[in-house]
Structure formats: structure tokens, C-alpha cells
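Each remark here refers to the structure printed beneath this line.
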Amino acid sequence: MGRIAIIRPLPTIEDANSNMDGTAASPTEIIHVNDRTVACDGGDTALGHPRVFLHIEKNSVLCPYCSRLYVLNEGAGHASGH
């Protein structure tokens with residue numbers, strides 16, 4: 001049998017205010033960025049994790065590993081890319 005992968009959308013700032021159990025959640029750090037794609041490895045702290053690339057669909061994205069919140073700067077991210 002093949003492996004089964006469960007794919008779920010990454011949380012956004014709208015999701016950052018609640019956990020799966022309904023309790024309040026808050027980001028560990030808020031980082032303002034100019035690009036819609038960001039790389040997160042948790043930094044050089046105990047929160048370090050494998051590098052993941054996150055895409056900001058609307059205004060922000062929350063890292064599913066370390067809960068860093070990446071917020072797109074106003075006016076940034078409008079380029080069509082390559």
C-alpha cells in the first residue's frame with residue numbers, strides 16, 4: 001500500500017487567535033516581510049525546526065512549527081513573480 005498524506009491549509013492571521021481546542025493562541029514572534037514567500041526554520045533558539053517555505057495568500061501566514069507570524073508589509077507582494 002502507498003502512503004497517505006494529509007494536506008491542510010496553513011494557518012493565517014485569522015486562524016492565529018484560536019487553537020484546535022478553542023483556546024486563545026498567540027504568535028511567538030511577528031515578522032514583517034516584503035515577499036509573499038518566506039522561509040522559516042524557527043531561528044537559533046530551542047524552537048528551531050526543519051526549514052519550511054510558507055506562502056502568504058492574503059496578509060499573513062503562521063508557521064505551523066514555531067508559531068512565528070509573518071505579516072506582509074503594506075504595498076508589498078504585488079509582483080507577479082517569475
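Just remember, in the C-alpha cells the first chain shown is A, the second B, etc., residues are 1-based per chain, and ligands are 1-based in the order shown.
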Can you pull out every residue within 10 Å of Pro50 in chain A, counting only C-alpha atoms, but drop anything in the same chain fewer than 3 positions away, and send it as JSON, numbers by chain?
-> {"A": [40, 41, 42, 53, 65]}
Find the spatial neighbours of range 70-72 of chain A, counting only C-alpha atoms, within a cut-off of 9 Å - ignore same-chain residues fewer than 2 positions away - and output them as a PyMOL selection string.
-> chain A and resi 12-13+29-36+38+54+56+58-63+68+74-77
Can I get the selection written as a PDB file, in the first residue's frame, with N, CA and C atoms?
```pdb
ATOM      1  N   THR A  12      -3.527  31.254   8.958  1.00  0.00           N
ATOM      2  CA  THR A  12      -3.296  32.657   8.636  1.00  0.00           C
ATOM      3  C   THR A  12      -3.549  33.483   9.885  1.00  0.00           C
ATOM      4  N   ILE A  13      -3.417  34.784   9.788  1.00  0.00           N
ATOM      5  CA  ILE A  13      -3.649  35.637  10.950  1.00  0.00           C
ATOM      6  C   ILE A  13      -5.072  35.468  11.478  1.00  0.00           C
ATOM      7  N   GLU A  29       6.311  35.291  17.697  1.00  0.00           N
ATOM      8  CA  GLU A  29       7.049  36.429  17.159  1.00  0.00           C
ATOM      9  C   GLU A  29       6.307  36.921  15.922  1.00  0.00           C
ATOM     10  N   ILE A  30       6.303  38.213  15.685  1.00  0.00           N
ATOM     11  CA  ILE A  30       5.688  38.776  14.480  1.00  0.00           C
ATOM     12  C   ILE A  30       6.801  39.361  13.629  1.00  0.00           C
ATOM     13  N   ILE A  31       6.879  38.897  12.379  1.00  0.00           N
ATOM     14  CA  ILE A  31       7.933  39.320  11.464  1.00  0.00           C
ATOM     15  C   ILE A  31       7.283  39.945  10.238  1.00  0.00           C
ATOM     16  N   HIS A  32       7.622  41.191   9.942  1.00  0.00           N
ATOM     17  CA  HIS A  32       7.093  41.888   8.771  1.00  0.00           C
ATOM     18  C   HIS A  32       8.003  41.626   7.583  1.00  0.00           C
ATOM     19  N   VAL A  33       7.407  41.255   6.446  1.00  0.00           N
ATOM     20  CA  VAL A  33       8.176  40.869   5.261  1.00  0.00           C
ATOM     21  C   VAL A  33       7.664  41.593   4.025  1.00  0.00           C
ATOM     22  N   ASN A  34       8.492  41.588   2.971  1.00  0.00           N
ATOM     23  CA  ASN A  34       8.128  42.230   1.710  1.00  0.00           C
ATOM     24  C   ASN A  34       7.796  41.243   0.603  1.00  0.00           C
ATOM     25  N   ASP A  35       7.977  39.952   0.838  1.00  0.00           N
ATOM     26  CA  ASP A  35       7.715  38.931  -0.175  1.00  0.00           C
ATOM     27  C   ASP A  35       6.623  37.993   0.298  1.00  0.00           C
ATOM     28  N   ARG A  36       5.851  37.462  -0.652  1.00  0.00           N
ATOM     29  CA  ARG A  36       4.772  36.541  -0.304  1.00  0.00           C
ATOM     30  C   ARG A  36       5.278  35.144   0.065  1.00  0.00           C
ATOM     31  N   VAL A  38       8.069  33.079   2.237  1.00  0.00           N
ATOM     32  CA  VAL A  38       9.061  33.231   3.298  1.00  0.00           C
ATOM     33  C   VAL A  38       9.567  31.851   3.704  1.00  0.00           C
ATOM     34  N   LEU A  54       6.765  29.099   3.352  1.00  0.00           N
ATOM     35  CA  LEU A  54       5.368  29.437   3.568  1.00  0.00           C
ATOM     36  C   LEU A  54       4.957  30.498   2.556  1.00  0.00           C
ATOM     37  N   ILE A  56       2.253  33.517   1.661  1.00  0.00           N
ATOM     38  CA  ILE A  56       1.260  34.417   2.227  1.00  0.00           C
ATOM     39  C   ILE A  56       0.182  34.660   1.180  1.00  0.00           C
ATOM     40  N   LYS A  58      -3.071  36.062   1.770  1.00  0.00           N
ATOM     41  CA  LYS A  58      -3.753  37.346   1.968  1.00  0.00           C
ATOM     42  C   LYS A  58      -2.788  38.334   2.610  1.00  0.00           C
ATOM     43  N   ASN A  59      -2.795  38.394   3.935  1.00  0.00           N
ATOM     44  CA  ASN A  59      -1.964  39.371   4.638  1.00  0.00           C
ATOM     45  C   ASN A  59      -0.887  38.749   5.512  1.00  0.00           C
ATOM     46  N   SER A  60      -1.071  37.479   5.899  1.00  0.00           N
ATOM     47  CA  SER A  60      -0.119  36.868   6.822  1.00  0.00           C
ATOM     48  C   SER A  60      -0.199  35.352   6.757  1.00  0.00           C
ATOM     49  N   VAL A  61       0.810  34.716   7.364  1.00  0.00           N
ATOM     50  CA  VAL A  61       0.812  33.266   7.494  1.00  0.00           C
ATOM     51  C   VAL A  61       1.508  32.923   8.816  1.00  0.00           C
ATOM     52  N   LEU A  62       1.016  31.896   9.488  1.00  0.00           N
ATOM     53  CA  LEU A  62       1.561  31.446  10.761  1.00  0.00           C
ATOM     54  C   LEU A  62       2.333  30.153  10.540  1.00  0.00           C
ATOM     55  N   CYS A  63       3.586  30.098  10.998  1.00  0.00           N
ATOM     56  CA  CYS A  63       4.380  28.879  10.844  1.00  0.00           C
ATOM     57  C   CYS A  63       3.759  27.770  11.693  1.00  0.00           C
ATOM     58  N   ARG A  68       5.616  31.435  14.520  1.00  0.00           N
ATOM     59  CA  ARG A  68       6.014  32.777  14.091  1.00  0.00           C
ATOM     60  C   ARG A  68       4.976  33.254  13.091  1.00  0.00           C
ATOM     61  N   GLU A  74       2.493  46.542   4.044  1.00  0.00           N
ATOM     62  CA  GLU A  74       1.527  47.207   3.185  1.00  0.00           C
ATOM     63  C   GLU A  74       2.188  47.617   1.866  1.00  0.00           C
ATOM     64  N   GLY A  75       1.522  47.288   0.756  1.00  0.00           N
ATOM     65  CA  GLY A  75       2.047  47.637  -0.567  1.00  0.00           C
ATOM     66  C   GLY A  75       3.052  46.633  -1.106  1.00  0.00           C
ATOM     67  N   ALA A  76       3.447  45.640  -0.324  1.00  0.00           N
ATOM     68  CA  ALA A  76       4.442  44.644  -0.769  1.00  0.00           C
ATOM     69  C   ALA A  76       3.726  43.424  -1.338  1.00  0.00           C
ATOM     70  N   GLY A  77       4.487  42.654  -2.102  1.00  0.00           N
ATOM     71  CA  GLY A  77       3.985  41.372  -2.590  1.00  0.00           C
ATOM     72  C   GLY A  77       3.051  41.442  -3.770  1.00  0.00           C
TER      73      GLY A  77
END
```
